[in-house]
Every structure is written in C-alpha cells, then in structure tokens.
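One structure is given here, and the rest of the page talks about it.
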Amino acid sequence: MKAGMIGLGAMGIGMARNMAKVGYLAGVYNRTAAKGQSLAEELNVIAFDQPEELAANVDIVLICVAADQDVLAMVEAIALTVKPGAVVVDMSTVSSDTARQAAAILAEKQVAFLDAPVSGGVEGAKNGTLAMMVGGDESALEKARPVLEAMTRCIMHMGATGSGQASKAVNQIMGAGINQAVTEALAFAQAQNLPMEKVIEVISGGASSNWFLQHRGSTMTQGTFAPGFKLALHHKDLKICQSMAKQSGASTTLIDMTIADYERLMAEGFGDEDISALYRLKSD
C-alpha cells in the first residue's frame, strides 16, 4: 500500500517522516516546491509537481493544510485523477460542513473520505504520538489504519463524516480554556513573587497538572513563545468552533473571550507565536 502526503507544514513534515520510517510513503506534494523537493530527497521518495500526479500514483492520499478552502481545492484537484477504491484522509482542522463537501466530491469518484483531525501538536507529529479523531466509513478507516498508526498513539472512530471535525472542535475549545487558566494562574503566581519553576513543578504533580503547564509553563514565564501551535491558527480554529456553536445553540462564552484576546495579540504582531503568548496579556 502506497501513501502520499499533501502539505508539509509544521505538522505534515513530521507525519511524512514517520510514514517513511515504516515504508508507506511513496511521495509528497507541497505548494512551496523547494520544501517538497528537499524532504523527498531526505526520505528517498518522489516530490510530485501537482496534487493530481500524487493522487494518480498512490492508494492513500493524506492531506494536512491550513484552511477550509485549501482542503476543498486539494480535494477538487485530486478528484481528477484519484483511483477508484482509494482513501483520502484529511488531517487538517476545518469545519464539519467542509468535510461533508469533500466527501461528496470524492464519492462521485468511488473514493472514500475520512475527516481525521489530530491533536498533539508539533511534538506529537514529530514523535508519532498524535491522537486522531475520525469521521467517515469505518471500513475505509480499517484500510487506512496501518498507515495512520505510523503517526499516532490513538485512533478513535467518532461516527459519520464530519464527526471527526466536530470532535476536534471540542478539543480546540478545551485547549482555549486550558490556555486561559494556565496563563492567568501563572501570571498570578508571578505577581505573588513566587519561585516560578517550583510553582510549575509542584502543581504539575497534583490535581491541576496538564500537558500545557508541563510543556509551556517554563517557557512562557521566561518570555519565550516559539510556536508549537501558532496563535493565529488556534484563532482560525476557534472561529470555526464559534460558528458551529452558534448553529447548535451551544455556549460561546469561552470561545468569544479567547478569540477577542487572540485578536488583540494578532493586532500587536504576535500571531505567529505559540498560543502561550496569551501570557503577554495576563502578565501586563
């Protein structure tokens, strides 16, 4: 079984490397051709000039791009050449409506589509420890599972097409809440003149421990915000969550607050920093 990767951003490049390690990766495509060529040479695979060429030469097409319109553009391109019976797996974070549109386009070509967003950040993509939430046909997931296991520690089938993206929205809202809580709590600790490394260590050993505190607490309190997950991308995801929540009548209080905070930081030029840059506002 041959797989091809479309999109070699901070997440996609780690995914591609892990697939190559187990021998599934046949080729890559990236809009910035030089980046695709460089990785292809590193992994000894083909750098395709167009997504249509990649789709014609593999059994599993994997997509990891930035936005809804990018996903649909890639799906429309690969639909021209993809093999009947192939599986397309989209690991981007987009809306459930976009997932259903993509599935409909590919169904006309007898191709299965899985919306399979991931959680775990750049570290998870690099280390092959992502958590994946999958919507779509379960038999298509089983066909793709050996490839997907190369980059994940957990794969969960959530239901029909769109349910993977809905599950990722839950994750992104929860991440916003954790970001708000950790940055505000650590800013409070700093205002109390507490020893910050000790605060982080002792709380990480108790009931309020969480991944974000453990992996970003020290860097944010030292004023370092190198991205694991860019603030502007989380803002984009939360706008999707906001729209979905309003359609269903769910609360948007936390979403609205975090979007407003992120927009303030983006206006100040911090959109490409890690989401822990929220600490800048809390510690003012």
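Chain identifiers are assigned as A, B, and so on, following the order in which chains appear in the structure tokens; residues are numbered from 1 within each chain, and ligands are numbered from 1 in order of appearance.
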
Could the residues of segment 32-132 of chain A that have an atom at most 9 Å from segment 152-160 of chain A be listed as JSON lines, each with its closest atom pair and the distance in Å to one decimal, counting only C-alpha atoms and ordered by chain and ascending residue number?
```
{"residue": "A:Ala116", "atom": "CA", "partner": "A:His157", "partner_atom": "CA", "distance": 8.9}
{"residue": "A:Val118", "atom": "CA", "partner": "A:Thr152", "partner_atom": "CA", "distance": 8.6}
{"residue": "A:Gly124", "atom": "CA", "partner": "A:Thr152", "partner_atom": "CA", "distance": 7.9}
{"residue": "A:Ala125", "atom": "CA", "partner": "A:Thr152", "partner_atom": "CA", "distance": 8.0}
{"residue": "A:Asn127", "atom": "CA", "partner": "A:Thr152", "partner_atom": "CA", "distance": 8.6}
{"residue": "A:Gly128", "atom": "CA", "partner": "A:Thr152", "partner_atom": "CA", "distance": 5.1}
{"residue": "A:Thr129", "atom": "CA", "partner": "A:Thr152", "partner_atom": "CA", "distance": 4.5}
{"residue": "A:Leu130", "atom": "CA", "partner": "A:Thr152", "partner_atom": "CA", "distance": 4.3}
{"residue": "A:Ala131", "atom": "CA", "partner": "A:Cys154", "partner_atom": "CA", "distance": 4.7}
{"residue": "A:Met132", "atom": "CA", "partner": "A:Ile155", "partner_atom": "CA", "distance": 4.8}
```

Export of prior selection with C-alpha atoms as a CSV table (one decimal), in the first residue's frame:
```csv
chain,number,residue,atom,x,y,z
A,116,ALA,CA,-9.3,12.8,10.7
A,118,VAL,CA,-5.3,15.3,15.1
A,124,GLY,CA,3.2,14.7,18.6
A,125,ALA,CA,3.6,14.9,14.8
A,127,ASN,CA,7.2,11.7,17.7
A,128,GLY,CA,4.4,9.7,16.1
A,129,THR,CA,2.2,10.1,19.2
A,130,LEU,CA,-0.8,12.1,17.8
A,131,ALA,CA,-4.4,11.4,18.8
A,132,MET,CA,-6.7,11.1,15.8
```

Contact table segment 108-193 of chain A vs segment 8-18 of chain A, cut-off 6 Å, shortest pair per residue, only C-alpha atoms, as a Markdown table:
```
| residue | atom | partner | partner_atom | distance |
| --- | --- | --- | --- | --- |
| A:Val122 | CA | A:Met11 | CA | 5.6 |
| A:Ala125 | CA | A:Gly14 | CA | 4.9 |
| A:Lys126 | CA | A:Gly14 | CA | 4.4 |
| A:Ala150 | CA | A:Asn18 | CA | 5.8 |
| A:Met151 | CA | A:Met15 | CA | 5.7 |
```

Residue selection dump (N, CA and C atoms) as an mmCIF file, in the first residue's frame:
```cif
data_model
loop_
_atom_site.group_PDB
_atom_site.id
_atom_site.type_symbol
_atom_site.label_atom_id
_atom_site.label_comp_id
_atom_site.auth_asym_id
_atom_site.auth_seq_id
_atom_site.Cartn_x
_atom_site.Cartn_y
_atom_site.Cartn_z
ATOM 1 N N VAL A 122 3.103 19.896 17.360
ATOM 2 C CA VAL A 122 4.306 19.598 16.588
ATOM 3 C C VAL A 122 5.081 18.449 17.210
ATOM 4 N N ALA A 125 3.397 15.211 16.234
ATOM 5 C CA ALA A 125 3.644 14.878 14.827
ATOM 6 C C ALA A 125 5.061 14.347 14.641
ATOM 7 N N LYS A 126 6.006 14.950 15.311
ATOM 8 C CA LYS A 126 7.410 14.529 15.204
ATOM 9 C C LYS A 126 7.620 13.139 15.798
ATOM 10 N N ALA A 150 1.285 4.803 11.898
ATOM 11 C CA ALA A 150 2.688 5.241 11.871
ATOM 12 C C ALA A 150 2.878 6.606 12.517
ATOM 13 N N MET A 151 1.785 7.365 12.648
ATOM 14 C CA MET A 151 1.916 8.739 13.155
ATOM 15 C C MET A 151 1.103 8.997 14.417
#
```

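If only C-alpha atoms are the atoms counted, then among A:Gln214, A:Thr219, A:Lys21, A:Glu142 the closest residue to Val202 of chain A is A:Gln214.
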
Selection: 7 Å around Val87 of chain A, only C-alpha atoms, excl. self and same-chain fewer than 4 positions, as a list in words: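 Contacts, with the query itself left out: Asp59, Ile60, Val61, Val111, Ala112, Phe113 and Ala140 of chain A.
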
Please dump the current selection as an mmCIF file, in the first residue's frame; keep N, CA and C atoms.
```
data_model
loop_
_atom_site.group_PDB
_atom_site.id
_atom_site.type_symbol
_atom_site.label_atom_id
_atom_site.label_comp_id
_atom_site.auth_asym_id
_atom_site.auth_seq_id
_atom_site.Cartn_x
_atom_site.Cartn_y
_atom_site.Cartn_z
ATOM 1 N N ASP A 59 -2.394 4.812 -3.128
ATOM 2 C CA ASP A 59 -3.646 4.197 -2.699
ATOM 3 C C ASP A 59 -4.320 4.994 -1.579
ATOM 4 N N ILE A 60 -3.504 5.691 -0.788
ATOM 5 C CA ILE A 60 -3.975 6.512 0.324
ATOM 6 C C ILE A 60 -3.430 7.918 0.132
ATOM 7 N N VAL A 61 -4.318 8.913 0.056
ATOM 8 C CA VAL A 61 -3.899 10.314 -0.043
ATOM 9 C C VAL A 61 -4.153 10.973 1.299
ATOM 10 N N VAL A 111 -14.457 7.029 -4.239
ATOM 11 C CA VAL A 111 -13.319 7.185 -3.328
ATOM 12 C C VAL A 111 -13.847 7.544 -1.945
ATOM 13 N N ALA A 112 -13.343 6.872 -0.921
ATOM 14 C CA ALA A 112 -13.759 7.143 0.457
ATOM 15 C C ALA A 112 -13.010 8.351 1.008
ATOM 16 N N PHE A 113 -13.687 9.108 1.856
ATOM 17 C CA PHE A 113 -13.081 10.273 2.500
ATOM 18 C C PHE A 113 -13.224 10.145 4.002
ATOM 19 N N ALA A 140 -13.301 2.055 5.535
ATOM 20 C CA ALA A 140 -12.233 2.865 4.934
ATOM 21 C C ALA A 140 -11.153 3.162 5.964
#
```

So which residues of segment 91-154 of chain A fall under helix (DSSP H, G or I) by DSSP, listed as a VMD selection string? chain A and resid 96 to 107 121 to 127 138 to 148

Extract, using only C-alpha atoms, all DNA, RNA and protein residues at most 6 Å from Val45 of chain A, discarding same-chain residues fewer than 5 positions from it, and format them as a PyMOL selection string. chain A and resi 26-27+40

Write to file, as a PDB file, in the first residue's frame, the residues of the selection just made, with N, CA and C atoms.
```pdb
ATOM      1  N   ALA A  26       5.178   7.088  -0.420  1.00  0.00           N
ATOM      2  CA  ALA A  26       5.686   6.987  -1.795  1.00  0.00           C
ATOM      3  C   ALA A  26       6.036   8.353  -2.373  1.00  0.00           C
ATOM      4  N   GLY A  27       5.366   9.411  -1.883  1.00  0.00           N
ATOM      5  CA  GLY A  27       5.627  10.722  -2.446  1.00  0.00           C
ATOM      6  C   GLY A  27       4.959  11.817  -1.653  1.00  0.00           C
ATOM      7  N   ALA A  40      11.633  15.193  -0.005  1.00  0.00           N
ATOM      8  CA  ALA A  40      11.632  13.989  -0.850  1.00  0.00           C
ATOM      9  C   ALA A  40      13.035  13.409  -0.969  1.00  0.00           C
TER      10      ALA A  40
END
```

Computed gap from atom CA of Met19 of chain A to atom CA of Ile46 of chain A is 13.7 Å

Would you kindly return, as a VMD selection string, each protein, DNA or RNA residue with an atom no farther than 8 Å from any atom of segment 224-234 of chain A, considering only C-alpha atoms and excluding same-chain residues fewer than 6 positions away? chain A and resid 66 121 to 123 172 262 266 270 to 277

Using only C-alpha atoms, please write the residues we just selected to a file, as a PDB file, in the first residue's frame.
```
ATOM      1  CA  ALA A  66      -4.279  25.261   6.801  1.00  0.00           C
ATOM      2  CA  GLY A 121       0.972  19.479  18.344  1.00  0.00           C
ATOM      3  CA  VAL A 122       4.306  19.598  16.588  1.00  0.00           C
ATOM      4  CA  GLU A 123       5.824  17.319  19.213  1.00  0.00           C
ATOM      5  CA  GLN A 172      -9.849  23.218  20.469  1.00  0.00           C
ATOM      6  CA  TYR A 262      -6.086  36.420  20.281  1.00  0.00           C
ATOM      7  CA  MET A 266      -2.512  39.361  16.483  1.00  0.00           C
ATOM      8  CA  PHE A 270       2.129  38.073  17.818  1.00  0.00           C
ATOM      9  CA  GLY A 271       0.004  35.813  15.598  1.00  0.00           C
ATOM     10  CA  ASP A 272       2.930  33.569  14.643  1.00  0.00           C
ATOM     11  CA  GLU A 273       3.888  32.925  18.260  1.00  0.00           C
ATOM     12  CA  ASP A 274       2.764  29.944  20.311  1.00  0.00           C
ATOM     13  CA  ILE A 275      -0.679  30.142  21.908  1.00  0.00           C
ATOM     14  CA  SER A 276       1.116  30.533  25.248  1.00  0.00           C
ATOM     15  CA  ALA A 277       1.704  34.134  24.121  1.00  0.00           C
TER      16      ALA A 277
END
```
